[in-house]
file run-v1.tsv (TSV, C-alpha atoms)
chain	number	residue	atom	x	y	z
S	1017	MET	CA	0.00	0.00	0.00
S	1018	THR	CA	2.52	2.63	-1.07
S	1019	ALA	CA	-0.38	4.73	-2.36
S	1020	THR	CA	-1.40	5.89	1.10
S	1021	ARG	CA	2.12	6.98	1.99
S	1022	SER	CA	2.39	9.17	-1.06
S	1023	LEU	CA	-0.30	11.53	0.17
S	1024	VAL	CA	2.72	13.21	1.63
S	1025	ILE	CA	4.92	14.37	-1.22
S	1026	GLU	CA	8.29	15.82	-0.35
S	1027	LYS	CA	10.72	17.08	-2.93
S	1028	GLU	CA	13.69	19.42	-3.05
S	1029	LEU	CA	13.31	21.92	-5.87
S	1030	PRO	CA	16.15	24.14	-7.16
S	1031	HIS	CA	14.25	27.38	-6.59
S	1032	PRO	CA	14.10	29.80	-3.64
S	1033	PRO	CA	11.10	29.60	-1.26
S	1034	GLU	CA	9.91	33.08	-2.32
S	1035	LYS	CA	9.47	31.95	-5.91
S	1036	ILE	CA	7.68	28.73	-4.98
S	1037	TRP	CA	5.45	30.74	-2.63
S	1038	ARG	CA	4.33	32.85	-5.61
S	1039	ALA	CA	3.47	29.71	-7.57
S	1040	LEU	CA	1.44	28.44	-4.60
S	1041	THR	CA	-0.44	31.65	-3.81
S	1042	GLN	CA	-0.98	33.70	-6.99
S	1043	GLY	CA	-4.20	32.71	-8.74
S	1044	PRO	CA	-3.00	32.94	-12.36
S	1045	LEU	CA	0.13	30.92	-11.50
S	1046	ILE	CA	-1.84	28.33	-9.53
S	1047	LYS	CA	-4.07	27.93	-12.56
S	1048	GLN	CA	-1.06	26.96	-14.65
S	1049	TRP	CA	-0.11	23.94	-12.58
S	1050	LEU	CA	-3.16	23.05	-10.46
S	1051	MET	CA	-6.58	24.44	-11.36
S	1052	ASP	CA	-8.54	27.58	-12.08
S	1053	ASN	CA	-9.17	29.29	-8.73
S	1054	ASP	CA	-9.87	32.49	-6.86
S	1055	LEU	CA	-7.48	31.87	-3.99
S	1056	GLN	CA	-6.15	34.80	-2.01
S	1057	PRO	CA	-3.50	34.12	0.62
S	1058	VAL	CA	-5.61	35.50	3.47
S	1059	VAL	CA	-6.67	33.34	6.40
S	1060	GLY	CA	-10.44	32.80	6.32
S	1061	HIS	CA	-10.76	33.57	2.61
S	1062	ARG	CA	-13.27	31.22	1.01
S	1063	PHE	CA	-12.64	30.26	-2.59
S	1064	SER	CA	-12.97	27.43	-5.03
S	1065	PHE	CA	-10.84	25.39	-7.37
S	1066	ARG	CA	-12.59	24.63	-10.64
S	1067	SER	CA	-11.77	21.94	-13.11
S	1068	THR	CA	-13.66	20.49	-16.05
S	1069	PRO	CA	-16.93	18.90	-14.92
S	1070	VAL	CA	-17.16	15.16	-15.48
S	1071	PRO	CA	-20.16	12.83	-15.10
S	1072	ASN	CA	-21.19	12.73	-11.41
S	1073	TRP	CA	-18.87	15.63	-10.48
S	1074	ASN	CA	-19.25	19.35	-11.16
S	1075	GLY	CA	-15.47	19.83	-10.98
S	1076	VAL	CA	-15.69	22.26	-8.05
S	1077	ILE	CA	-13.60	22.02	-4.88
S	1078	ASP	CA	-14.73	24.36	-2.09
S	1079	SER	CA	-11.89	25.67	0.01
S	1080	GLU	CA	-11.00	28.05	2.78
S	1081	VAL	CA	-7.54	29.38	3.53
S	1082	LEU	CA	-6.51	28.03	6.94
S	1083	VAL	CA	-2.86	29.01	7.40
S	1084	VAL	CA	-0.68	31.64	5.72
S	1085	GLU	CA	2.95	32.03	6.81
S	1086	PRO	CA	4.61	33.75	3.85
S	1087	ASN	CA	7.34	31.67	2.18
S	1088	LYS	CA	6.88	28.96	4.82
S	1089	LYS	CA	3.45	27.45	5.18
S	1090	LEU	CA	0.13	27.49	3.35
S	1091	SER	CA	-2.90	25.42	4.18
S	1092	TYR	CA	-6.41	25.23	2.77
S	1093	SER	CA	-9.38	22.97	3.14
S	1094	TRP	CA	-10.29	20.80	0.15
S	1095	ASN	CA	-13.97	19.92	0.20
S	1096	THR	CA	-15.62	18.09	-2.63
S	1097	LEU	CA	-18.26	15.40	-3.08
S	1098	GLY	CA	-19.15	15.73	0.59
S	1099	LEU	CA	-15.64	14.84	1.65
S	1100	GLU	CA	-13.69	17.29	3.78
S	1101	SER	CA	-9.92	17.22	3.68
S	1102	VAL	CA	-6.99	19.56	4.24
S	1103	VAL	CA	-3.94	20.39	2.14
S	1104	VAL	CA	-0.81	21.74	3.83
S	1105	TRP	CA	2.22	23.09	1.96
S	1106	THR	CA	5.46	23.57	3.86
S	1107	LEU	CA	8.55	25.23	2.42
S	1108	ALA	CA	12.02	25.04	3.98
S	1109	ALA	CA	15.06	26.72	2.44
S	1110	THR	CA	18.00	24.39	1.73
S	1111	SER	CA	21.48	25.08	0.36
S	1112	GLY	CA	20.33	24.07	-3.13
S	1113	GLY	CA	16.82	25.53	-3.11
S	1114	THR	CA	13.71	24.55	-1.18
S	1115	LEU	CA	12.35	21.42	0.38
S	1116	VAL	CA	8.68	21.39	-0.61
S	1117	ARG	CA	6.30	19.22	1.38
S	1118	MET	CA	2.67	18.68	0.47
S	1119	GLU	CA	0.39	16.81	2.81
S	1120	HIS	CA	-3.19	16.00	1.89
S	1121	SER	CA	-4.88	14.56	4.92
S	1122	GLY	CA	-8.32	13.17	5.12
S	1123	PHE	CA	-11.72	13.98	6.29
S	1124	GLY	CA	-11.49	17.24	8.09
S	1125	PRO	CA	-9.99	18.33	11.34
S	1126	ASP	CA	-10.37	16.03	14.30
S	1127	GLN	CA	-13.04	18.17	15.88
S	1128	GLU	CA	-13.84	15.54	18.45
S	1129	ALA	CA	-10.21	15.04	19.41
S	1130	ALA	CA	-10.90	16.88	22.64
S	1131	TYR	CA	-12.54	13.75	24.00
S	1132	LYS	CA	-10.57	12.19	26.79
S	1133	GLY	CA	-8.25	9.52	25.52
S	1134	ALA	CA	-8.92	10.38	21.94
S	1135	ASN	CA	-5.55	11.78	20.99
S	1136	TYR	CA	-5.42	9.42	18.07
S	1137	GLY	CA	-3.99	11.05	15.00
S	1138	TRP	CA	-4.95	10.55	11.41
S	1139	GLN	CA	-1.35	9.78	10.48
S	1140	LYS	CA	-1.26	6.94	12.94
S	1141	PHE	CA	-4.45	5.58	11.46
S	1142	ILE	CA	-3.01	5.66	7.95
S	1143	GLY	CA	-0.06	3.64	9.23
S	1144	GLY	CA	-2.50	1.12	10.68
S	1145	LEU	CA	-4.56	1.15	7.49
S	1146	GLU	CA	-1.54	0.15	5.44
S	1147	ARG	CA	-1.03	-2.87	7.64
S	1148	VAL	CA	-4.71	-3.77	7.46
S	1149	VAL	CA	-4.88	-3.49	3.69
S	1150	ALA	CA	-1.60	-5.35	3.23
S	1151	GLY	CA	-3.12	-8.22	5.19
S	1152	LEU	CA	-6.28	-8.41	3.04
S	1153	PRO	CA	-6.69	-11.46	0.86
S	1154	ALA	CA	-6.40	-10.52	-2.82
C	208	MET	CA	-29.68	8.58	1.09
C	209	PRO	CA	-25.99	8.72	1.99
C	210	SER	CA	-23.74	6.46	-0.04
C	211	HIS	CA	-21.45	3.85	1.44
C	212	ALA	CA	-18.49	6.19	0.86
C	213	ASP	CA	-20.26	9.03	2.76
C	214	ASN	CA	-20.91	6.76	5.73
C	215	LEU	CA	-17.37	5.44	5.61
C	216	PHE	CA	-15.69	8.85	5.54
C	217	LYS	CA	-17.98	10.16	8.25
C	218	ALA	CA	-17.22	7.13	10.40
C	219	LEU	CA	-13.49	7.55	9.98
C	220	ALA	CA	-13.52	11.31	10.60
C	221	ASP	CA	-13.55	10.69	14.34
C	222	PRO	CA	-10.35	9.69	16.15
C	223	THR	CA	-12.13	7.60	18.80
C	224	ARG	CA	-13.87	5.58	16.09
C	225	ARG	CA	-10.60	5.11	14.20
C	226	ALA	CA	-9.02	3.87	17.44
C	227	ILE	CA	-11.89	1.43	18.06
C	228	PHE	CA	-11.71	0.15	14.49
C	229	GLU	CA	-7.96	-0.31	14.61
C	230	ARG	CA	-8.18	-2.10	17.94
C	231	LEU	CA	-10.66	-4.53	16.39
C	232	THR	CA	-8.41	-5.15	13.37
C	233	ARG	CA	-5.40	-5.64	15.64
C	234	ASP	CA	-6.83	-7.66	18.50
C	235	GLY	CA	-9.77	-9.46	16.88
C	236	ASP	CA	-13.33	-9.66	18.23
C	237	GLN	CA	-14.17	-7.60	21.30
C	238	THR	CA	-17.19	-6.96	23.48
C	239	VAL	CA	-18.54	-3.43	24.06
C	240	HIS	CA	-17.39	-3.83	27.64
C	241	ALA	CA	-13.77	-4.61	26.65
C	242	LEU	CA	-13.75	-1.78	24.10
C	243	THR	CA	-15.02	0.70	26.69
C	244	GLU	CA	-12.13	-0.08	29.03
C	245	CYS	CA	-9.66	1.21	26.44
C	246	ALA	CA	-11.66	3.87	24.64
C	247	GLY	CA	-11.54	6.58	27.31
C	248	VAL	CA	-15.24	7.38	26.80
C	249	SER	CA	-18.41	6.03	28.40
C	250	GLN	CA	-20.09	2.79	27.33
C	251	PRO	CA	-23.08	4.59	25.74
C	252	MET	CA	-20.58	6.64	23.66
C	253	VAL	CA	-18.75	3.49	22.60
C	254	SER	CA	-22.09	1.92	21.59
C	255	LYS	CA	-22.93	5.03	19.59
C	256	HIS	CA	-19.53	4.92	17.84
C	257	LEU	CA	-20.02	1.22	17.13
C	258	SER	CA	-23.37	1.85	15.47
C	259	THR	CA	-21.76	4.51	13.25
C	260	LEU	CA	-19.01	2.04	12.36
C	261	LYS	CA	-21.65	-0.60	11.68
C	262	ARG	CA	-23.58	1.73	9.34
C	263	ALA	CA	-20.30	2.22	7.46
C	264	ARG	CA	-19.99	-1.61	7.36
C	265	LEU	CA	-16.64	-1.34	9.13
C	266	VAL	CA	-17.77	-3.63	11.95
C	267	ARG	CA	-20.17	-6.53	12.35
C	268	ASN	CA	-21.80	-7.63	15.56
C	269	ARG	CA	-23.02	-10.95	16.81
C	270	ARG	CA	-24.59	-12.04	20.10
C	271	LYS	CA	-22.67	-14.58	22.10
C	272	GLY	CA	-24.45	-15.42	25.34
C	273	ARG	CA	-25.24	-12.20	27.18
C	274	GLU	CA	-22.67	-10.10	25.34
C	275	THR	CA	-22.46	-8.66	21.85
C	276	HIS	CA	-19.14	-9.18	20.12
C	277	TYR	CA	-17.86	-6.81	17.45
C	278	SER	CA	-15.43	-7.65	14.67
C	279	ALA	CA	-13.68	-5.46	12.07
C	280	GLN	CA	-14.57	-5.66	8.38
C	281	PRO	CA	-11.53	-4.11	6.67
C	282	ARG	CA	-12.92	-4.74	3.18
C	283	ALA	CA	-15.30	-1.84	3.78
C	284	LEU	CA	-12.25	0.45	3.46
C	285	ALA	CA	-12.17	0.04	-0.33
C	286	PRO	CA	-13.56	3.54	-1.16
C	287	LEU	CA	-10.93	5.10	1.11
C	288	VAL	CA	-8.16	3.17	-0.60
C	289	ASP	CA	-9.55	4.31	-3.99
C	290	TRP	CA	-9.60	7.91	-2.77
C	291	MET	CA	-5.98	7.65	-1.62
C	292	SER	CA	-4.76	6.17	-4.91
C	293	TYR	CA	-6.67	8.79	-6.90
C	294	TYR	CA	-5.12	11.70	-4.99
C	295	SER	CA	-1.70	10.12	-4.98
C	296	ARG	CA	-1.69	10.11	-8.80
C	297	PHE	CA	-3.30	13.57	-8.89
C	298	TRP	CA	-0.68	15.27	-6.71
C	299	HIS	CA	2.32	13.58	-8.31
C	300	ASP	CA	1.04	14.81	-11.64
C	301	ARG	CA	0.50	18.35	-10.31
C	302	PHE	CA	3.95	18.41	-8.76
C	303	ASP	CA	5.39	17.78	-12.23
C	304	HIS	CA	3.32	20.70	-13.57
C	305	LEU	CA	4.51	22.90	-10.70
C	306	GLU	CA	8.13	22.07	-11.48
C	307	SER	CA	7.78	22.97	-15.14
C	308	LEU	CA	6.01	26.21	-14.23
C	309	LEU	CA	8.87	27.12	-11.85
C	310	LYS	CA	11.37	26.59	-14.68
C	311	ARG	CA	9.40	29.02	-16.86
C	312	MET	CA	9.05	31.65	-14.11
C	313	ASP	CA	11.65	34.39	-13.50
call {"tool": "encode", "arguments": {"input": "run-v1.tsv", "output": "structure tokens"}}
result
Amino acid sequence: MTATRSLVIEKELPHPPEKIWRALTQGPLIKQWLMDNDLQPVVGHRFSFRSTPVPNWNGVIDSEVLVVEPNKKLSYSWNTLGLESVVVWTLAATSGGTLVRMEHSGFGPDQEAAYKGANYGWQKFIGGLERVVAGLPA
Amino acid sequence: MPSHADNLFKALADPTRRAIFERLTRDGDQTVHALTECAGVSQPMVSKHLSTLKRARLVRNRRKGRETHYSAQPRALAPLVDWMSYYSRFWHDRFDHLESLLKRMD
């Protein structure tokens, strides 16, 4: 089950964080590599990503900007087809450029995590899921 | 009517339910009583979580004497696995686009 692990993508790119930040936060640039959008890098800004509609999907992803730390961290919600998830981009300068990390984690924030004894993270579950799926009969 | 995927994602959105489900996959069948001892929430809450997991087909229950035993049904995770593989391909593809855009930018 390598597929579940790759929801975190980490790659060093030979460009400075400031330049990558522009590609992640300026609408016309985002459109060139991701999707048409009306994102503004302002916490609380609600926007949408729009791609070509396909049967059973209108192509719209409803989002809200959750975190903006210029040249360091950007996060937005990613809600579509009734499924709430969160995308987090983290940039860290390296000697040769920038380490870019993208994490797409599932199903919304753990709003009920405040329950006693419920400090059970999504990442841990994914680890468990891989073991479960690996053990499934084909 | 909510689809199986809706019920599944809703069921897995809660950390206590994920913990209960993983415990059942790891340790095999359990009673509500045994699950409550580890869950850190009251027995009525555990029962409520179990019925949500059952609606998502993630667990099955069966009476054995005076107690109800619950078991995990990992096959019900299929839509989640599909979702993961879809987004894995999607983001790898978009990363490639991002890299070519960065090469074109000043």
call {"tool": "atom_distance", "arguments": {"input": "run-v1.tsv", "atom1": "CA of Leu215 (chain C)", "atom2": "CA of Trp1073 (chain S)"}}
result
19.1 Å
call {"tool": "closest_residue", "arguments": {"input": "run-v1.tsv", "among": "S:Asp1078, S:Glu1028, S:Asp1054, S:Glu1100", "to": "Ser1121 (chain S)", "atoms": "all atoms listed in the file"}}
result
S:Glu1100
call {"tool": "interface_residues", "arguments": {"input": "run-v1.tsv", "of": "chain C", "to": "chain S", "cutoff": "7 Å", "atoms": "all atoms listed in the file", "output": "MDAnalysis selection string"}}
result
chainID C and resid 216 220:223 225:226 229 246:248 281 291:292 295 301 304:305 308
call {"tool": "atom_distance", "arguments": {"input": "run-v1.tsv", "atom1": "CA of Thr1068 (chain S)", "atom2": "CA of His211 (chain C)"}}
result
25.4 Å
call {"tool": "residues_around", "arguments": {"input": "run-v1.tsv", "residues": "Arg267 (chain C)", "least_positions_apart": "5", "cutoff": "12 Å", "atoms": "all atoms listed in the file", "output": "JSON, numbers by chain"}}
result
{"C": [228, 231, 232, 235, 236, 237, 238, 257, 258, 259, 260, 261, 262, 275, 276, 277, 278, 279, 280, 281, 282, 283]}
call {"tool": "closest_residue", "arguments": {"input": "run-v1.tsv", "among": "C:Arg233, C:Met252, C:Leu287, C:Val266", "to": "Asp213 (chain C)", "atoms": "all atoms listed in the file"}}
result
C:Leu287
call {"tool": "atom_distance", "arguments": {"input": "run-v1.tsv", "atom1": "CA of Gly1043 (chain S)", "atom2": "CA of Glu1085 (chain S)"}}
result
17.1 Å
call {"tool": "closest_residue", "arguments": {"input": "run-v1.tsv", "among": "C:Arg224, C:Arg273, C:Arg311, C:His240", "to": "Lys255 (chain C)", "atoms": "all atoms listed in the file"}}
result
C:Arg224
call {"tool": "closest_residue", "arguments": {"input": "run-v1.tsv", "among": "S:Thr1096, S:Leu1082, S:Asp1052, S:Phe1063", "to": "Trp290 (chain C)", "atoms": "all atoms listed in the file"}}
result
S:Thr1096
call {"tool": "closest_residue", "arguments": {"input": "run-v1.tsv", "among": "C:Ile227, C:Thr243, C:Asp289, C:Leu284", "to": "Ala263 (chain C)", "atoms": "only C-alpha atoms"}}
result
C:Leu284
call {"tool": "axis_aligned_box", "arguments": {"input": "run-v1.tsv", "around": "region 237-242 of chain C", "padding_each_side": "6 Å", "output": "JSON"}}
result
{"center_x": -16.1, "center_y": -4.7, "center_z": 24.5, "size_x": 16.8, "size_y": 17.8, "size_z": 18.3}
